[in-house]
>>> print(open('model.tsv').read())   # TSV, C-alpha atoms and all ligand atoms
chain	number	residue	atom	x	y	z
A	10	MET	CA	51.77	-16.02	-11.38
A	11	THR	CA	50.78	-13.48	-13.96
A	12	SER	CA	47.51	-14.02	-15.75
A	13	ASP	CA	48.14	-12.65	-19.18
A	14	PRO	CA	45.63	-13.38	-21.94
A	15	SER	CA	48.26	-12.51	-24.56
A	16	ALA	CA	50.02	-15.73	-23.51
A	17	LEU	CA	47.32	-17.81	-25.19
A	18	ASP	CA	47.99	-19.68	-28.41
A	19	GLY	CA	51.73	-19.17	-28.47
A	20	ALA	CA	51.88	-15.39	-28.05
A	21	PRO	CA	54.53	-14.46	-25.49
A	22	PRO	CA	53.48	-13.06	-22.09
A	23	ARG	CA	54.01	-9.29	-21.79
A	24	SER	CA	56.11	-9.61	-18.64
A	25	GLY	CA	59.49	-7.90	-19.03
A	26	ALA	CA	61.32	-10.57	-16.99
A	27	VAL	CA	63.76	-12.80	-18.86
A	28	PRO	CA	61.93	-16.12	-19.31
A	29	ALA	CA	63.26	-19.12	-17.41
A	30	PHE	CA	62.76	-21.12	-20.59
A	31	GLU	CA	62.22	-19.94	-24.12
A	32	LEU	CA	61.90	-21.73	-27.44
A	33	VAL	CA	62.13	-19.61	-30.58
A	34	GLY	CA	61.16	-21.21	-33.88
A	35	LEU	CA	62.45	-24.55	-32.62
A	36	ARG	CA	62.20	-27.20	-35.32
A	37	ARG	CA	63.35	-30.75	-35.89
A	38	GLU	CA	62.94	-32.99	-38.90
A	39	PHE	CA	63.76	-36.69	-39.11
A	40	ALA	CA	64.20	-37.45	-42.84
A	41	ASP	CA	60.95	-36.09	-44.31
A	42	LYS	CA	59.06	-36.19	-41.00
A	43	VAL	CA	58.62	-32.90	-39.11
A	44	ALA	CA	58.64	-33.91	-35.44
A	45	VAL	CA	58.66	-30.36	-34.04
A	46	ASP	CA	57.31	-27.67	-36.34
A	47	SER	CA	58.95	-24.31	-35.50
A	48	ILE	CA	57.47	-23.87	-32.05
A	49	ASP	CA	57.65	-20.80	-29.81
A	50	LEU	CA	57.19	-21.01	-26.04
A	51	ARG	CA	58.00	-18.69	-23.14
A	52	VAL	CA	57.91	-19.79	-19.53
A	53	PRO	CA	58.28	-17.07	-16.87
A	54	PRO	CA	60.55	-17.70	-13.85
A	55	GLY	CA	58.88	-19.46	-10.93
A	56	SER	CA	56.44	-21.32	-13.18
A	57	PHE	CA	55.38	-24.92	-12.85
A	58	PHE	CA	54.83	-25.60	-16.53
A	59	GLY	CA	53.20	-28.68	-18.05
A	60	LEU	CA	53.76	-29.78	-21.64
A	61	VAL	CA	50.99	-32.16	-22.67
A	62	GLY	CA	50.25	-33.91	-25.92
A	63	PRO	CA	49.30	-37.28	-27.39
A	64	ASN	CA	51.83	-40.01	-28.21
A	65	GLY	CA	54.20	-38.87	-30.91
A	66	ALA	CA	53.24	-35.18	-30.48
A	67	GLY	CA	56.87	-34.05	-30.28
A	68	LYS	CA	57.23	-33.49	-26.52
A	69	THR	CA	60.40	-35.52	-26.02
A	70	THR	CA	61.95	-34.18	-29.23
A	71	ALA	CA	61.22	-30.58	-28.19
A	72	LEU	CA	62.51	-31.03	-24.64
A	73	SER	CA	65.61	-32.91	-25.85
A	74	MET	CA	66.49	-30.00	-28.13
A	75	ALA	CA	65.73	-27.51	-25.37
A	76	VAL	CA	68.21	-29.06	-22.95
A	77	GLY	CA	71.06	-29.69	-25.40
A	78	LEU	CA	70.56	-33.41	-26.00
A	79	LEU	CA	69.32	-33.26	-29.59
A	80	ARG	CA	70.47	-30.73	-32.15
A	81	PRO	CA	67.62	-28.66	-33.64
A	82	SER	CA	67.17	-28.40	-37.42
A	83	ALA	CA	66.38	-24.71	-36.80
A	84	GLY	CA	65.54	-22.28	-34.01
A	85	ARG	CA	66.87	-21.54	-30.56
A	86	ALA	CA	66.38	-22.68	-26.98
A	87	LEU	CA	67.23	-20.33	-24.12
A	88	VAL	CA	67.48	-20.96	-20.38
A	89	HIS	CA	67.33	-17.73	-18.37
A	90	GLY	CA	68.46	-15.96	-21.54
A	91	VAL	CA	71.42	-18.31	-22.17
A	92	ASP	CA	71.38	-20.03	-25.56
A	93	VAL	CA	71.59	-23.77	-24.88
A	94	TRP	CA	73.40	-24.53	-28.14
A	95	ALA	CA	75.64	-21.43	-28.32
A	96	ASP	CA	76.75	-21.58	-24.67
A	97	PRO	CA	76.06	-25.13	-23.45
A	98	ILE	CA	78.30	-25.00	-20.39
A	99	ALA	CA	76.62	-21.91	-18.94
A	100	ALA	CA	73.16	-23.24	-19.84
A	101	LYS	CA	73.79	-26.63	-18.26
A	102	ARG	CA	74.81	-24.99	-14.98
A	103	LEU	CA	71.31	-23.53	-14.81
A	104	LEU	CA	69.56	-26.73	-15.85
A	105	GLY	CA	68.60	-29.97	-14.15
A	106	VAL	CA	67.34	-32.56	-16.60
A	107	LEU	CA	65.44	-35.82	-16.33
A	108	PRO	CA	65.46	-37.09	-19.91
A	109	ASP	CA	63.21	-39.75	-21.37
A	110	GLY	CA	64.81	-43.22	-21.25
A	111	LEU	CA	67.72	-41.96	-19.14
A	112	ALA	CA	70.85	-44.07	-19.66
A	113	LEU	CA	72.44	-44.63	-16.24
A	114	PRO	CA	75.71	-46.30	-15.24
A	115	GLU	CA	74.37	-49.70	-14.25
A	116	ARG	CA	77.34	-50.86	-12.19
A	117	LEU	CA	77.18	-48.09	-9.57
A	118	THR	CA	74.94	-47.79	-6.53
A	119	GLY	CA	72.67	-44.73	-6.40
A	120	GLY	CA	75.01	-43.10	-3.89
A	121	GLU	CA	78.07	-43.77	-6.05
A	122	LEU	CA	76.27	-42.35	-9.07
A	123	LEU	CA	75.38	-39.14	-7.22
A	124	THR	CA	78.93	-38.82	-5.85
A	125	TYR	CA	80.38	-39.26	-9.33
A	126	TRP	CA	77.85	-36.82	-10.78
A	127	GLY	CA	78.48	-34.19	-8.10
A	128	ARG	CA	82.25	-34.33	-8.62
A	129	PHE	CA	81.74	-34.17	-12.37
A	130	ARG	CA	79.67	-31.02	-11.71
A	131	GLN	CA	82.65	-29.72	-9.68
A	132	LEU	CA	80.73	-29.40	-6.42
A	133	PRO	CA	82.77	-29.51	-3.16
A	134	ALA	CA	83.13	-33.08	-1.84
A	135	GLN	CA	81.35	-32.35	1.46
A	136	THR	CA	78.43	-30.72	-0.37
A	137	VAL	CA	78.13	-33.77	-2.60
A	138	ALA	CA	78.24	-36.13	0.39
A	139	ASP	CA	75.61	-34.15	2.33
A	140	ARG	CA	73.25	-33.72	-0.61
A	141	THR	CA	73.66	-37.35	-1.69
A	142	ALA	CA	72.70	-38.64	1.76
A	143	GLU	CA	69.74	-36.25	1.95
A	144	LEU	CA	68.45	-37.04	-1.55
A	145	LEU	CA	68.72	-40.81	-1.00
A	146	ARG	CA	66.84	-40.48	2.29
A	147	VAL	CA	64.08	-38.17	1.01
A	148	LEU	CA	63.55	-40.26	-2.13
A	149	GLU	CA	63.56	-43.47	-0.05
A	150	LEU	CA	66.53	-44.97	-1.84
A	151	ASP	CA	68.65	-45.19	1.32
A	152	GLU	CA	67.68	-48.76	2.14
A	153	ALA	CA	68.71	-49.94	-1.34
A	154	GLU	CA	71.95	-48.04	-0.82
A	155	GLN	CA	72.63	-49.81	2.47
A	156	LEU	CA	72.08	-53.15	0.70
A	157	GLY	CA	74.55	-52.13	-2.01
A	158	THR	CA	71.87	-52.35	-4.73
A	159	LEU	CA	73.27	-51.37	-8.12
A	160	VAL	CA	71.39	-48.96	-10.38
A	161	GLY	CA	71.18	-51.82	-12.92
A	162	GLU	CA	69.05	-53.67	-10.35
A	163	TYR	CA	66.74	-50.71	-9.66
A	164	SER	CA	63.05	-50.86	-10.55
A	165	THR	CA	61.69	-48.43	-13.16
A	166	GLY	CA	60.36	-46.08	-10.45
A	167	MET	CA	63.66	-46.18	-8.55
A	168	ARG	CA	65.47	-45.28	-11.77
A	169	LYS	CA	63.18	-42.26	-12.16
A	170	LYS	CA	63.95	-41.20	-8.61
A	171	ILE	CA	67.74	-41.50	-8.95
A	172	GLY	CA	67.47	-39.65	-12.27
A	173	LEU	CA	65.60	-36.87	-10.49
A	174	ALA	CA	68.26	-36.82	-7.75
A	175	THR	CA	70.98	-36.28	-10.38
A	176	ALA	CA	68.89	-33.43	-11.85
A	177	LEU	CA	68.58	-31.75	-8.42
A	178	LEU	CA	72.10	-32.33	-7.07
A	179	HIS	CA	73.75	-29.13	-8.35
A	180	SER	CA	70.74	-27.00	-7.30
A	181	PRO	CA	69.76	-25.74	-10.77
A	182	ARG	CA	67.37	-22.84	-11.48
A	183	LEU	CA	65.30	-24.76	-14.02
A	184	LEU	CA	64.23	-28.39	-13.95
A	185	VAL	CA	63.17	-30.05	-17.22
A	186	LEU	CA	61.57	-33.40	-16.45
A	187	ASP	CA	60.26	-35.75	-19.13
A	188	GLU	CA	57.41	-37.82	-17.62
A	189	PRO	CA	58.75	-37.60	-14.05
A	190	TYR	CA	55.77	-39.39	-12.49
A	191	GLU	CA	55.75	-42.36	-14.86
A	192	ALA	CA	56.13	-45.62	-12.88
A	193	VAL	CA	56.49	-43.77	-9.56
A	194	ASP	CA	54.35	-45.13	-6.71
A	195	PRO	CA	51.79	-42.80	-5.03
A	196	VAL	CA	53.83	-42.28	-1.86
A	197	SER	CA	56.96	-41.39	-3.84
A	198	ALA	CA	54.82	-39.22	-6.13
A	199	ARG	CA	53.80	-37.14	-3.11
A	200	VAL	CA	57.42	-36.71	-2.10
A	201	LEU	CA	58.30	-35.75	-5.66
A	202	THR	CA	55.49	-33.17	-5.71
A	203	ALA	CA	56.62	-31.73	-2.38
A	204	ILE	CA	60.20	-31.42	-3.69
A	205	LEU	CA	59.07	-29.74	-6.90
A	206	ARG	CA	56.75	-27.35	-5.04
A	207	ARG	CA	59.53	-26.39	-2.67
A	208	PHE	CA	61.72	-25.81	-5.71
A	209	THR	CA	59.23	-23.42	-7.34
A	210	ASP	CA	58.43	-21.72	-3.99
A	211	SER	CA	62.11	-20.85	-3.70
A	212	GLY	CA	62.08	-19.24	-7.16
A	213	GLY	CA	63.03	-22.23	-9.34
A	214	SER	CA	61.06	-23.15	-12.46
A	215	VAL	CA	59.84	-26.61	-13.46
A	216	ILE	CA	58.91	-27.96	-16.88
A	217	VAL	CA	57.25	-31.37	-16.91
A	218	SER	CA	55.87	-33.38	-19.78
A	219	SER	CA	53.00	-35.73	-19.07
A	220	HIS	CA	50.02	-37.53	-20.55
A	221	VAL	CA	48.16	-37.40	-17.26
A	222	MET	CA	45.86	-34.38	-17.46
A	223	SER	CA	44.63	-34.58	-13.85
A	224	LEU	CA	48.22	-34.51	-12.62
A	225	VAL	CA	49.12	-31.52	-14.76
A	226	GLU	CA	45.94	-29.76	-13.64
A	227	GLN	CA	46.82	-30.37	-10.01
A	228	LEU	CA	50.48	-29.32	-10.31
A	229	CYS	CA	50.96	-26.78	-13.04
A	230	ASP	CA	50.17	-23.08	-13.22
A	231	ARG	CA	51.03	-22.86	-16.92
A	232	VAL	CA	50.33	-25.38	-19.67
A	233	ALA	CA	50.95	-25.92	-23.37
A	234	ILE	CA	49.12	-28.48	-25.49
A	235	ILE	CA	51.17	-29.80	-28.37
A	236	ALA	CA	50.13	-32.14	-31.20
A	237	ARG	CA	51.73	-33.05	-34.54
A	238	GLY	CA	54.73	-30.93	-33.59
A	239	GLN	CA	52.71	-27.73	-33.13
A	240	VAL	CA	51.63	-25.75	-30.09
A	241	LEU	CA	47.83	-25.70	-30.10
A	242	ALA	CA	47.34	-23.74	-26.87
A	243	ASP	CA	49.65	-22.09	-24.38
A	244	GLY	CA	49.04	-19.97	-21.30
A	245	THR	CA	48.02	-20.16	-17.68
A	246	LEU	CA	46.11	-23.28	-16.68
A	247	ASP	CA	42.87	-21.31	-16.45
A	248	GLU	CA	43.38	-19.69	-19.85
A	249	VAL	CA	44.03	-23.01	-21.54
A	250	ARG	CA	41.28	-25.08	-19.94
A	251	GLY	CA	38.65	-22.32	-19.95
A	252	ALA	CA	35.39	-23.36	-18.27
A	253	GLY	CA	35.95	-27.12	-18.60
A	254	THR	CA	38.72	-29.48	-17.58
A	255	LEU	CA	42.15	-29.66	-19.17
A	256	GLU	CA	41.19	-33.06	-20.59
A	257	ASP	CA	38.08	-31.55	-22.25
A	258	ARG	CA	40.23	-28.89	-23.87
A	259	PHE	CA	42.87	-31.44	-24.85
A	260	VAL	CA	40.30	-33.69	-26.55
A	261	GLU	CA	38.67	-30.70	-28.23
A	262	LEU	CA	41.98	-29.57	-29.72
A	263	VAL	CA	43.62	-32.91	-30.43
A	264	GLY	CA	40.53	-34.91	-31.40
A	265	THR	CA	39.59	-38.45	-30.44
A	266	THR	CA	39.73	-41.83	-32.08
A	267	ASP	CA	36.53	-43.68	-31.30
A	268	LEU	CA	36.38	-47.47	-31.41
A	269	ALA	CA	33.90	-48.42	-34.11
A	270	GLU	CA	31.41	-51.25	-33.63
A	271	GLU	CA	33.25	-53.40	-36.19
A	272	ASP	CA	36.77	-52.84	-34.72
A	273	LEU	CA	38.51	-55.68	-32.84
A	274	THR	CA	35.42	-57.87	-32.72
A	275	TRP	CA	37.73	-60.89	-32.29
A	276	ILE	CA	38.69	-59.73	-28.76
A	277	GLY	CA	37.15	-62.07	-26.20
A	278	SER	CA	35.66	-64.31	-28.92
B	301	LIG	N1	65.13	-40.60	-33.71
B	301	LIG	C1	64.02	-40.50	-34.42
B	301	LIG	N2	63.99	-40.87	-35.71
B	301	LIG	C2	62.86	-40.75	-36.46
B	301	LIG	N3	61.69	-40.25	-36.00
B	301	LIG	C3	61.66	-39.88	-34.70
B	301	LIG	C4	62.81	-39.98	-33.85
B	301	LIG	N4	62.47	-39.51	-32.62
B	301	LIG	C5	61.17	-39.14	-32.70
B	301	LIG	N5	60.70	-39.36	-33.93
B	301	LIG	C6	59.34	-39.08	-34.41
B	301	LIG	O1	59.03	-37.74	-34.04
B	301	LIG	C7	57.67	-37.66	-33.60
B	301	LIG	C8	57.65	-37.07	-32.20
B	301	LIG	O2	58.18	-38.02	-31.29
B	301	LIG	P1	58.38	-37.70	-29.75
B	301	LIG	O3	59.09	-38.85	-29.13
B	301	LIG	O4	59.00	-36.37	-29.59
B	301	LIG	O5	56.87	-37.63	-29.24
B	301	LIG	P2	56.29	-37.56	-27.76
B	301	LIG	O6	55.28	-36.47	-27.76
B	301	LIG	O7	57.38	-37.47	-26.76
B	301	LIG	O8	55.56	-38.97	-27.68
B	301	LIG	P3	55.23	-39.94	-26.41
B	301	LIG	O9	54.20	-39.23	-25.61
B	301	LIG	O10	54.68	-41.15	-27.08
B	301	LIG	O11	56.51	-40.19	-25.68
B	301	LIG	C9	57.09	-39.06	-33.69
B	301	LIG	O12	56.39	-39.17	-34.92
B	301	LIG	C10	58.31	-39.96	-33.71
B	301	LIG	O13	58.06	-41.12	-34.47
>>> encode(input="model.tsv", output="structure tokens", more="lines below")
Ligand SMILES: Nc1ncnc2c1ncn2[C@@H]1O[C@H](COP(=O)(O)OP(=O)(O)OP(=O)(O)O)[C@@H](O)[C@H]1O
Amino acid sequence: MTSDPSALDGAPPRSGAVPAFELVGLRREFADKVAVDSIDLRVPPGSFFGLVGPNGAGKTTALSMAVGLLRPSAGRALVHGVDVWADPIAAKRLLGVLPDGLALPERLTGGELLTYWGRFRQLPAQTVADRTAELLRVLELDEAEQLGTLVGEYSTGMRKKIGLATALLHSPRLLVLDEPYEAVDPVSARVLTAILRRFTDSGGSVIVSSHVMSLVEQLCDRVAIIARGQVLADGTLDEVRGAGTLEDRFVELVGTTDLAEEDLTWIGS
């Protein structure tokens, strides 16, 4: 990874390569609320990028606009130079997405869902069959498949995993994953990390959103901290966290809400 101090605080890295992911003045209002306030971000190819921020910071709104799920009020989102809103078909070929609160067809098994998804993506039938079997095995969903378990009967973590499998199936160049580790058990989390690392090692780029600073610190080589719809820091992990931890930097930028002596005194009374 490049270590470019100009990448701090929203300034783009100087690298000439087309970014894997770029947001330019991306903005979204809901009535009179500004959820995402004209943000700029550039993520070089091969990055493992973490988007962190407190609840309500605008992470899901920004990522939803960036992958073509939510129309921006203003600005642009580009995937490997392709404008997601001007050329959605080309952009979506490059993109694998795990959205927040993914709506899945509940009456299909995981295998049926992947088969349907692969055909919808116009992949050859044999490729879909091979990748489906492999993904179900690696993500430990094969036993549920053998039992005929429907996606509607999946646990929250299993739903995350099948969602990730749909994002990977067409072998995209960029993965955008909203809270991929949420509700995933530690063993599955290791498998997920191994998959994502293999993906970046082979030249793919990953964007994850998370609240878990230690996880982002362990996984990501680039980070942005967002709060109140604005990017407060952006750069390599070392640039953003400086001499302390990412959590220290996060708290310093975002602020804390301390529990006062007189708050919630009725608890345990
Ligand atoms: N459909 C909507 N209608 C109105 N306001 C919305 C809508 N979606 C999001 N918001 C508001 O936009 C802001 C950003 O929300 P968003 O879900 O993007 O935050 P987030 O960083 O993903 O939060 P969390 O970490 O809690 O998931 C919040 O104030 C939220 O209330």
>>> residues_near_ligand(input="model.tsv", ligand="ligand LIG 301 (chain B)", cutoff="12 Å", atoms="all atoms listed in the file", output="ChimeraX atom specification")
/A:36-46,60-75,78-80,108-110,186-188,191,217-221,234-240
>>> residues_near_point(input="model.tsv", point="(74.0, -51.5, -2.6)", cutoff="12 Å", atoms="only C-alpha atoms", output="ChimeraX atom specification")
/A:115-122,150-163
>>> write_last_selection(input="model.tsv", atoms="C-alpha atoms", output="PDB file, keeping the file's coordinate frame")
ATOM      1  CA  GLU A 115      74.370 -49.700 -14.250  1.00  0.00           C
ATOM      2  CA  ARG A 116      77.340 -50.860 -12.190  1.00  0.00           C
ATOM      3  CA  LEU A 117      77.180 -48.090  -9.570  1.00  0.00           C
ATOM      4  CA  THR A 118      74.940 -47.790  -6.530  1.00  0.00           C
ATOM      5  CA  GLY A 119      72.670 -44.730  -6.400  1.00  0.00           C
ATOM      6  CA  GLY A 120      75.010 -43.100  -3.890  1.00  0.00           C
ATOM      7  CA  GLU A 121      78.070 -43.770  -6.050  1.00  0.00           C
ATOM      8  CA  LEU A 122      76.270 -42.350  -9.070  1.00  0.00           C
ATOM      9  CA  LEU A 150      66.530 -44.970  -1.840  1.00  0.00           C
ATOM     10  CA  ASP A 151      68.650 -45.190   1.320  1.00  0.00           C
ATOM     11  CA  GLU A 152      67.680 -48.760   2.140  1.00  0.00           C
ATOM     12  CA  ALA A 153      68.710 -49.940  -1.340  1.00  0.00           C
ATOM     13  CA  GLU A 154      71.950 -48.040  -0.820  1.00  0.00           C
ATOM     14  CA  GLN A 155      72.630 -49.810   2.470  1.00  0.00           C
ATOM     15  CA  LEU A 156      72.080 -53.150   0.700  1.00  0.00           C
ATOM     16  CA  GLY A 157      74.550 -52.130  -2.010  1.00  0.00           C
ATOM     17  CA  THR A 158      71.870 -52.350  -4.730  1.00  0.00           C
ATOM     18  CA  LEU A 159      73.270 -51.370  -8.120  1.00  0.00           C
ATOM     19  CA  VAL A 160      71.390 -48.960 -10.380  1.00  0.00           C
ATOM     20  CA  GLY A 161      71.180 -51.820 -12.920  1.00  0.00           C
ATOM     21  CA  GLU A 162      69.050 -53.670 -10.350  1.00  0.00           C
ATOM     22  CA  TYR A 163      66.740 -50.710  -9.660  1.00  0.00           C
TER      23      TYR A 163
END
>>> atom_distance(input="model.tsv", atom1="CA of Glu143 in chain A", atom2="CA of Phe30 in chain A")
28.0 Å
>>> atom_distance(input="model.tsv", atom1="CA of Ile171 in chain A", atom2="CA of Leu148 in chain A")
8.1 Å
>>> residues_around(input="model.tsv", residues="range 89-100 of chain A", least_positions_apart="2", cutoff="6 Å", atoms="all atoms listed in the file", output="compact mmCIF listing (two decimals) with C-alpha atoms, keeping the file's coordinate frame")
# COMPACT_ATOMS: atom_id res chain seq x y z
CA PRO A 28 61.93 -16.12 -19.31
CA ALA A 29 63.26 -19.12 -17.41
CA GLY A 77 71.06 -29.69 -25.40
CA ALA A 86 66.38 -22.68 -26.98
CA LEU A 87 67.23 -20.33 -24.12
CA ARG A 102 74.81 -24.99 -14.98
CA LEU A 103 71.31 -23.53 -14.81
>>> atom_distance(input="model.tsv", atom1="CA of Asp49 in chain A", atom2="CA of Ser82 in chain A")
14.4 Å
